[in-house]
>>> print(open('query10.txt').read())   # compact mmCIF, C-alpha atoms and all ligand atoms
# COMPACT_ATOMS: atom_id res chain seq x y z
CA MET A 1 99.50 96.03 -132.36
CA PRO A 2 98.58 96.41 -128.68
CA SER A 3 100.83 94.72 -126.14
CA GLY A 4 99.58 92.07 -123.74
CA ARG A 5 99.24 94.70 -121.05
CA VAL A 6 97.05 96.95 -123.20
CA HIS A 7 94.86 93.96 -124.08
CA ASN A 8 94.45 93.20 -120.38
CA LEU A 9 93.54 96.81 -119.61
CA ILE A 10 90.94 96.90 -122.38
CA ASN A 11 89.39 93.61 -121.25
CA ILE A 12 89.37 94.45 -117.56
CA GLY A 13 88.00 97.95 -118.27
CA THR A 14 85.16 96.51 -120.33
CA TYR A 15 84.49 93.85 -117.71
CA SER A 16 84.30 96.46 -114.94
CA ALA A 17 81.86 98.58 -116.94
CA LEU A 18 79.69 95.53 -117.67
CA ALA A 19 79.79 94.43 -114.04
CA ALA A 20 78.75 97.89 -112.85
CA ALA A 21 75.87 97.97 -115.36
CA ALA A 22 74.79 94.45 -114.39
CA LEU A 23 74.92 95.28 -110.71
CA TYR A 24 72.84 98.37 -111.30
CA ALA A 25 70.29 96.50 -113.44
CA ASP A 26 70.01 93.80 -110.79
CA ARG A 27 69.74 96.14 -107.80
CA THR A 28 67.11 98.34 -109.37
CA GLY A 29 65.11 95.30 -110.49
CA LEU A 30 65.51 96.41 -114.12
CA TRP A 31 67.01 93.09 -115.10
CA PRO A 32 67.55 90.60 -112.27
CA ILE A 33 70.68 88.54 -112.83
CA ALA A 34 71.07 84.95 -111.64
CA TRP A 35 74.29 84.25 -109.72
CA THR A 36 75.04 81.33 -112.04
CA ASP A 37 74.99 83.73 -115.00
CA ALA A 38 77.30 86.20 -113.28
CA LEU A 39 79.72 83.51 -112.10
CA GLY A 40 79.79 81.56 -115.37
CA PHE A 41 80.29 84.71 -117.43
CA SER A 42 82.98 86.13 -115.15
CA ALA A 43 84.98 82.92 -114.89
CA ALA A 44 84.92 82.33 -118.65
CA PHE A 45 85.78 85.96 -119.38
CA LEU A 46 88.78 85.97 -117.03
CA ILE A 47 90.05 82.61 -118.27
CA GLY A 48 89.66 83.83 -121.87
CA THR A 49 91.51 87.06 -121.08
CA PHE A 50 94.41 85.70 -119.07
CA LEU A 51 94.86 82.05 -119.99
CA LEU A 52 93.43 81.51 -123.46
CA SER A 53 94.42 84.69 -125.27
CA PRO A 54 94.68 84.60 -129.08
CA ASP A 55 98.34 85.59 -128.68
CA LEU A 56 99.12 82.03 -127.54
CA ASP A 57 99.95 81.68 -131.24
CA LEU A 58 103.26 83.30 -130.19
CA ALA A 59 103.96 80.59 -127.63
CA THR A 60 107.13 79.43 -129.39
CA GLY A 61 108.67 82.59 -127.91
CA ARG A 62 108.04 84.58 -124.77
CA VAL A 63 104.53 85.87 -124.48
CA ASP A 64 102.45 87.01 -121.54
CA SER A 65 99.60 84.58 -122.03
CA LYS A 66 102.05 81.65 -121.99
CA ARG A 67 103.91 82.96 -118.94
CA ARG A 68 100.65 82.94 -116.96
CA TRP A 69 100.53 79.16 -117.26
CA GLY A 70 103.69 79.05 -115.16
CA LEU A 71 105.45 75.70 -115.37
CA LEU A 72 102.75 74.48 -117.74
CA GLY A 73 103.51 77.21 -120.29
CA PHE A 74 105.37 74.74 -122.50
CA ILE A 75 102.13 72.94 -123.40
CA TRP A 76 101.30 75.86 -125.73
CA VAL A 77 104.51 75.65 -127.75
CA PRO A 78 103.05 73.14 -130.27
CA TYR A 79 100.01 75.41 -130.62
CA GLY A 80 102.33 78.31 -131.44
CA ARG A 81 104.09 76.12 -134.01
CA VAL A 82 100.86 75.13 -135.76
CA PHE A 83 99.17 78.53 -135.78
CA SER A 84 100.88 81.49 -137.41
CA HIS A 85 100.60 84.77 -135.53
CA ARG A 86 97.31 86.51 -136.26
CA GLY A 87 96.26 83.78 -138.66
CA LEU A 88 93.40 81.42 -137.94
CA SER A 89 94.06 81.81 -134.20
CA HIS A 90 92.83 85.39 -134.59
CA SER A 91 89.58 84.58 -136.40
CA TRP A 92 86.30 85.32 -134.62
CA VAL A 93 84.61 81.93 -134.45
CA LEU A 94 87.20 79.27 -135.27
CA GLY A 95 90.06 80.99 -133.45
CA PRO A 96 88.62 80.75 -129.91
CA LEU A 97 87.53 77.18 -130.68
CA THR A 98 91.05 76.15 -131.74
CA ARG A 99 92.35 76.91 -128.24
CA LEU A 100 89.53 75.02 -126.52
CA GLY A 101 89.96 72.12 -128.94
CA TYR A 102 93.73 72.05 -128.39
CA LEU A 103 93.26 71.98 -124.63
CA ALA A 104 90.62 69.23 -124.89
CA LEU A 105 93.01 67.22 -127.08
CA LEU A 106 95.81 67.51 -124.51
CA LEU A 107 93.48 66.47 -121.69
CA ALA A 108 92.27 63.49 -123.71
CA LEU A 109 95.89 62.45 -124.41
CA LEU A 110 96.77 62.82 -120.76
CA PHE A 111 93.75 60.78 -119.78
CA GLY A 112 94.67 58.11 -122.32
CA LEU A 113 98.18 57.91 -120.87
CA ALA A 114 96.87 57.74 -117.32
CA GLN A 115 94.51 54.98 -118.37
CA THR A 116 97.36 52.81 -119.69
CA ALA A 117 98.93 53.04 -116.23
CA TRP A 118 95.67 52.62 -114.33
CA PRO A 119 93.26 50.71 -116.62
CA GLU A 120 90.48 50.91 -114.04
CA LEU A 121 90.43 54.71 -114.42
CA ARG A 122 87.07 55.98 -115.68
CA ARG A 123 86.58 59.18 -117.61
CA PRO A 124 84.93 61.68 -115.29
CA LEU A 125 81.74 62.72 -117.04
CA PRO A 126 81.22 66.42 -116.46
CA ALA A 127 77.65 66.90 -115.31
CA LEU A 128 77.38 70.43 -116.63
CA ASP A 129 74.02 72.03 -116.04
CA GLU A 130 72.88 73.75 -119.24
CA ARG A 131 72.14 77.00 -117.42
CA TRP A 132 75.93 77.48 -117.27
CA LEU A 133 76.35 77.06 -121.01
CA TRP A 134 75.34 80.45 -122.44
CA PRO A 135 76.96 82.68 -119.80
CA VAL A 136 80.19 80.71 -120.26
CA VAL A 137 80.02 80.91 -124.06
CA ALA A 138 79.24 84.65 -123.90
CA GLY A 139 82.04 85.40 -121.40
CA TYR A 140 84.65 83.43 -123.30
CA PHE A 141 83.82 84.78 -126.75
CA LEU A 142 83.51 88.37 -125.56
CA SER A 143 86.99 88.19 -124.01
CA GLN A 144 88.35 86.93 -127.34
CA TRP A 145 86.47 89.43 -129.51
CA LEU A 146 87.69 92.40 -127.47
CA HIS A 147 91.24 91.21 -128.12
CA LEU A 148 90.56 90.87 -131.86
CA MET A 149 88.91 94.30 -132.07
CA ALA A 150 91.90 95.86 -130.30
CA ASP A 151 94.14 94.11 -132.84
CA GLY A 152 92.02 95.66 -135.58
CA VAL A 153 90.95 92.23 -136.83
CA GLY A 154 87.45 92.17 -138.32
CA PRO A 155 84.94 89.27 -138.25
CA GLY A 156 85.75 88.43 -141.90
CA HIS A 157 89.37 87.60 -141.02
CA GLY A 158 88.89 83.84 -140.69
CA TRP A 159 87.32 83.40 -144.11
CA ARG A 160 89.88 85.60 -145.78
CA HIS A 161 92.64 83.66 -144.12
CA LEU A 162 91.22 80.28 -145.12
CA ARG A 163 90.64 81.44 -148.71
CA GLY A 164 94.10 82.96 -148.91
CA ARG A 165 95.67 79.76 -147.68
CA ARG A 166 93.77 77.69 -150.25
CA SER A 167 94.63 79.93 -153.18
CA ARG A 168 98.30 79.92 -152.13
CA SER A 169 98.43 76.15 -152.01
CA ARG A 170 96.91 75.92 -155.50
ZN ZN A 201 96.58 89.43 -130.85
>>> encode(input="query10.txt", output="structure tokens", more="lines below")
Ligand SMILES: [Zn+2]
Amino acid sequence: MPSGRVHNLINIGTYSALAAAALYADRTGLWPIAWTDALGFSAAFLIGTFLLSPDLDLATGRVDSKRRWGLLGFIWVPYGRVFSHRGLSHSWVLGPLTRLGYLALLLALLFGLAQTAWPELRRPLPALDERWLWPVVAGYFLSQWLHLMADGVGPGHGWRHLRGRRSRSR
């Protein structure tokens, strides 16, 4: 199983190659790229690589992706408790969504707490332009899939894992 450093090298190498190809396609007029696409994709890819790695399922111990959160690293410990290493957290579709969902849940809890202290607090509605959506989705999922491929985890992993869990509990 590749270490965190190898995962980072693979992801950054792939990103550099993609960026070079995109720059070339844009410069030569082959495929002009909007700056929103480039920015959305890059930001989501880097966040997915460094902050939302599938290996956060190891957050009960010491793991690179948790260390990057600095003082906030502890927020991933419950996630590491719930998700076994290379289980559902390492599935292709649900896995990346579990980390986003977990983070959204924490933010909602935090907001709820803040609202009990300051009842006049209003939820900030993110006015996200839909042109950001697909580049962000593509950047985030690609960063996750490169990790899974390097781990040797195929796209069927999630289903197998869910089925295995059900047949064990029977
Ligand atoms: Zn992994």
>>> closest_residue(input="query10.txt", among="A:Ile33, A:Ala19, A:Leu148, A:Leu72", to="ligand ZN 201 (chain A)", atoms="all atoms listed in the file")
A:Leu148
>>> residues_near_ligand(input="query10.txt", ligand="ligand ZN 201 (chain A)", cutoff="10 Å", atoms="all atoms listed in the file", output="PyMOL selection string")
chain A and resi 1-4+7+53-58+85-87+89-90+144+146-153
>>> write_last_selection(input="query10.txt", atoms="C-alpha atoms", output="CSV table (one decimal), in the frame of the given file")
chain,number,residue,atom,x,y,z
A,1,MET,CA,99.5,96.0,-132.4
A,2,PRO,CA,98.6,96.4,-128.7
A,3,SER,CA,100.8,94.7,-126.1
A,4,GLY,CA,99.6,92.1,-123.7
A,7,HIS,CA,94.9,94.0,-124.1
A,53,SER,CA,94.4,84.7,-125.3
A,54,PRO,CA,94.7,84.6,-129.1
A,55,ASP,CA,98.3,85.6,-128.7
A,56,LEU,CA,99.1,82.0,-127.5
A,57,ASP,CA,100.0,81.7,-131.2
A,58,LEU,CA,103.3,83.3,-130.2
A,85,HIS,CA,100.6,84.8,-135.5
A,86,ARG,CA,97.3,86.5,-136.3
A,87,GLY,CA,96.3,83.8,-138.7
A,89,SER,CA,94.1,81.8,-134.2
A,90,HIS,CA,92.8,85.4,-134.6
A,144,GLN,CA,88.4,86.9,-127.3
A,146,LEU,CA,87.7,92.4,-127.5
A,147,HIS,CA,91.2,91.2,-128.1
A,148,LEU,CA,90.6,90.9,-131.9
A,149,MET,CA,88.9,94.3,-132.1
A,150,ALA,CA,91.9,95.9,-130.3
A,151,ASP,CA,94.1,94.1,-132.8
A,152,GLY,CA,92.0,95.7,-135.6
A,153,VAL,CA,91.0,92.2,-136.8
>>> closest_residue(input="query10.txt", among="A:Thr36, A:Leu105, A:Ala20, A:Gly73", to="A:Asp129", atoms="only C-alpha atoms")
A:Thr36
>>> closest_residue(input="query10.txt", among="A:Ile47, A:Val137, A:Val82, A:Ala21", to="A:Ser65", atoms="only C-alpha atoms")
A:Ile47
>>> closest_residue(input="query10.txt", among="A:Thr49, A:Thr14, A:Leu9, A:Trp159", to="A:Ser91", atoms="all atoms listed in the file")
A:Trp159
>>> atom_distance(input="query10.txt", atom1="atom CA of A:Gly80", atom2="atom CA of A:Trp92")
17.8 Å
>>> atom_distance(input="query10.txt", atom1="atom CA of A:Gly139", atom2="atom CA of A:Phe41")
4.4 Å
>>> closest_residue(input="query10.txt", among="A:Val6, A:Pro78, A:Pro96, A:Thr60", to="A:Ser143", atoms="only C-alpha atoms")
A:Pro96
>>> closest_residue(input="query10.txt", among="A:Ala34, A:Leu133, A:Ala44, A:Ile75", to="A:Leu107", atoms="all atoms listed in the file")
A:Ile75
>>> build_atoms(input="query10.txt", residues="stretch 71-107 of chain A", atoms="N, CA and C atoms", output="compact mmCIF listing (two decimals), keeping the file's coordinate frame")
# COMPACT_ATOMS: atom_id res chain seq x y z
N LEU A 71 104.68 76.86 -114.94
CA LEU A 71 105.45 75.70 -115.37
C LEU A 71 104.79 74.97 -116.53
N LEU A 72 103.48 75.18 -116.67
CA LEU A 72 102.75 74.48 -117.74
C LEU A 72 102.78 75.24 -119.06
N GLY A 73 103.47 76.38 -119.08
CA GLY A 73 103.51 77.21 -120.29
C GLY A 73 103.94 76.45 -121.53
N PHE A 74 104.82 75.47 -121.34
CA PHE A 74 105.37 74.74 -122.50
C PHE A 74 104.29 74.00 -123.29
N ILE A 75 103.15 73.70 -122.66
CA ILE A 75 102.13 72.94 -123.40
C ILE A 75 101.60 73.72 -124.60
N TRP A 76 101.82 75.05 -124.62
CA TRP A 76 101.30 75.86 -125.73
C TRP A 76 102.30 76.01 -126.86
N VAL A 77 103.51 75.50 -126.69
CA VAL A 77 104.51 75.65 -127.75
C VAL A 77 104.05 74.98 -129.06
N PRO A 78 103.54 73.74 -129.01
CA PRO A 78 103.05 73.14 -130.27
C PRO A 78 101.93 73.97 -130.90
N TYR A 79 101.08 74.55 -130.09
CA TYR A 79 100.01 75.41 -130.62
C TYR A 79 100.62 76.59 -131.38
N GLY A 80 101.65 77.20 -130.79
CA GLY A 80 102.33 78.31 -131.44
C GLY A 80 103.02 77.89 -132.73
N ARG A 81 103.45 76.62 -132.79
CA ARG A 81 104.09 76.12 -134.01
C ARG A 81 103.06 75.97 -135.13
N VAL A 82 101.89 75.43 -134.75
CA VAL A 82 100.86 75.13 -135.76
C VAL A 82 100.20 76.41 -136.29
N PHE A 83 99.93 77.35 -135.37
CA PHE A 83 99.17 78.53 -135.78
C PHE A 83 100.08 79.74 -135.95
N SER A 84 100.05 80.32 -137.16
CA SER A 84 100.88 81.49 -137.41
C SER A 84 100.25 82.68 -136.68
N HIS A 85 101.10 83.64 -136.32
CA HIS A 85 100.60 84.77 -135.53
C HIS A 85 99.56 85.55 -136.33
N ARG A 86 98.44 85.77 -135.68
CA ARG A 86 97.31 86.51 -136.26
C ARG A 86 96.75 85.84 -137.50
N GLY A 87 96.90 84.54 -137.58
CA GLY A 87 96.26 83.78 -138.66
C GLY A 87 94.91 83.30 -138.17
N LEU A 88 94.68 82.02 -138.34
CA LEU A 88 93.40 81.42 -137.94
C LEU A 88 93.13 81.59 -136.44
N SER A 89 94.20 81.63 -135.65
CA SER A 89 94.06 81.81 -134.20
C SER A 89 93.36 83.12 -133.88
N HIS A 90 93.43 84.09 -134.81
CA HIS A 90 92.83 85.39 -134.59
C HIS A 90 91.53 85.57 -135.38
N SER A 91 90.88 84.45 -135.74
CA SER A 91 89.58 84.58 -136.40
C SER A 91 88.50 84.55 -135.31
N TRP A 92 87.31 85.05 -135.65
CA TRP A 92 86.30 85.32 -134.62
C TRP A 92 85.61 84.08 -134.08
N VAL A 93 85.36 83.11 -134.93
CA VAL A 93 84.61 81.93 -134.45
C VAL A 93 85.55 80.74 -134.27
N LEU A 94 86.30 80.42 -135.34
CA LEU A 94 87.20 79.27 -135.27
C LEU A 94 88.35 79.49 -134.30
N GLY A 95 88.89 80.69 -134.28
CA GLY A 95 90.06 80.99 -133.45
C GLY A 95 89.88 80.59 -131.99
N PRO A 96 88.84 81.13 -131.32
CA PRO A 96 88.62 80.75 -129.91
C PRO A 96 88.40 79.24 -129.75
N LEU A 97 87.79 78.62 -130.78
CA LEU A 97 87.53 77.18 -130.68
C LEU A 97 88.82 76.37 -130.83
N THR A 98 89.80 76.90 -131.59
CA THR A 98 91.05 76.15 -131.74
C THR A 98 91.75 75.98 -130.39
N ARG A 99 91.68 77.01 -129.54
CA ARG A 99 92.35 76.91 -128.24
C ARG A 99 91.63 75.94 -127.31
N LEU A 100 90.28 75.97 -127.34
CA LEU A 100 89.53 75.02 -126.52
C LEU A 100 89.77 73.60 -127.01
N GLY A 101 89.75 73.44 -128.35
CA GLY A 101 89.96 72.12 -128.94
C GLY A 101 91.34 71.57 -128.61
N TYR A 102 92.35 72.45 -128.68
CA TYR A 102 93.73 72.05 -128.39
C TYR A 102 93.84 71.57 -126.94
N LEU A 103 93.22 72.33 -126.05
CA LEU A 103 93.26 71.98 -124.63
C LEU A 103 92.54 70.65 -124.38
N ALA A 104 91.39 70.47 -125.04
CA ALA A 104 90.62 69.23 -124.89
C ALA A 104 91.44 68.04 -125.39
N LEU A 105 92.17 68.27 -126.50
CA LEU A 105 93.01 67.22 -127.08
C LEU A 105 94.10 66.81 -126.09
N LEU A 106 94.75 67.81 -125.48
CA LEU A 106 95.81 67.51 -124.51
C LEU A 106 95.26 66.73 -123.33
N LEU A 107 94.09 67.15 -122.84
CA LEU A 107 93.48 66.47 -121.69
C LEU A 107 93.13 65.03 -122.04
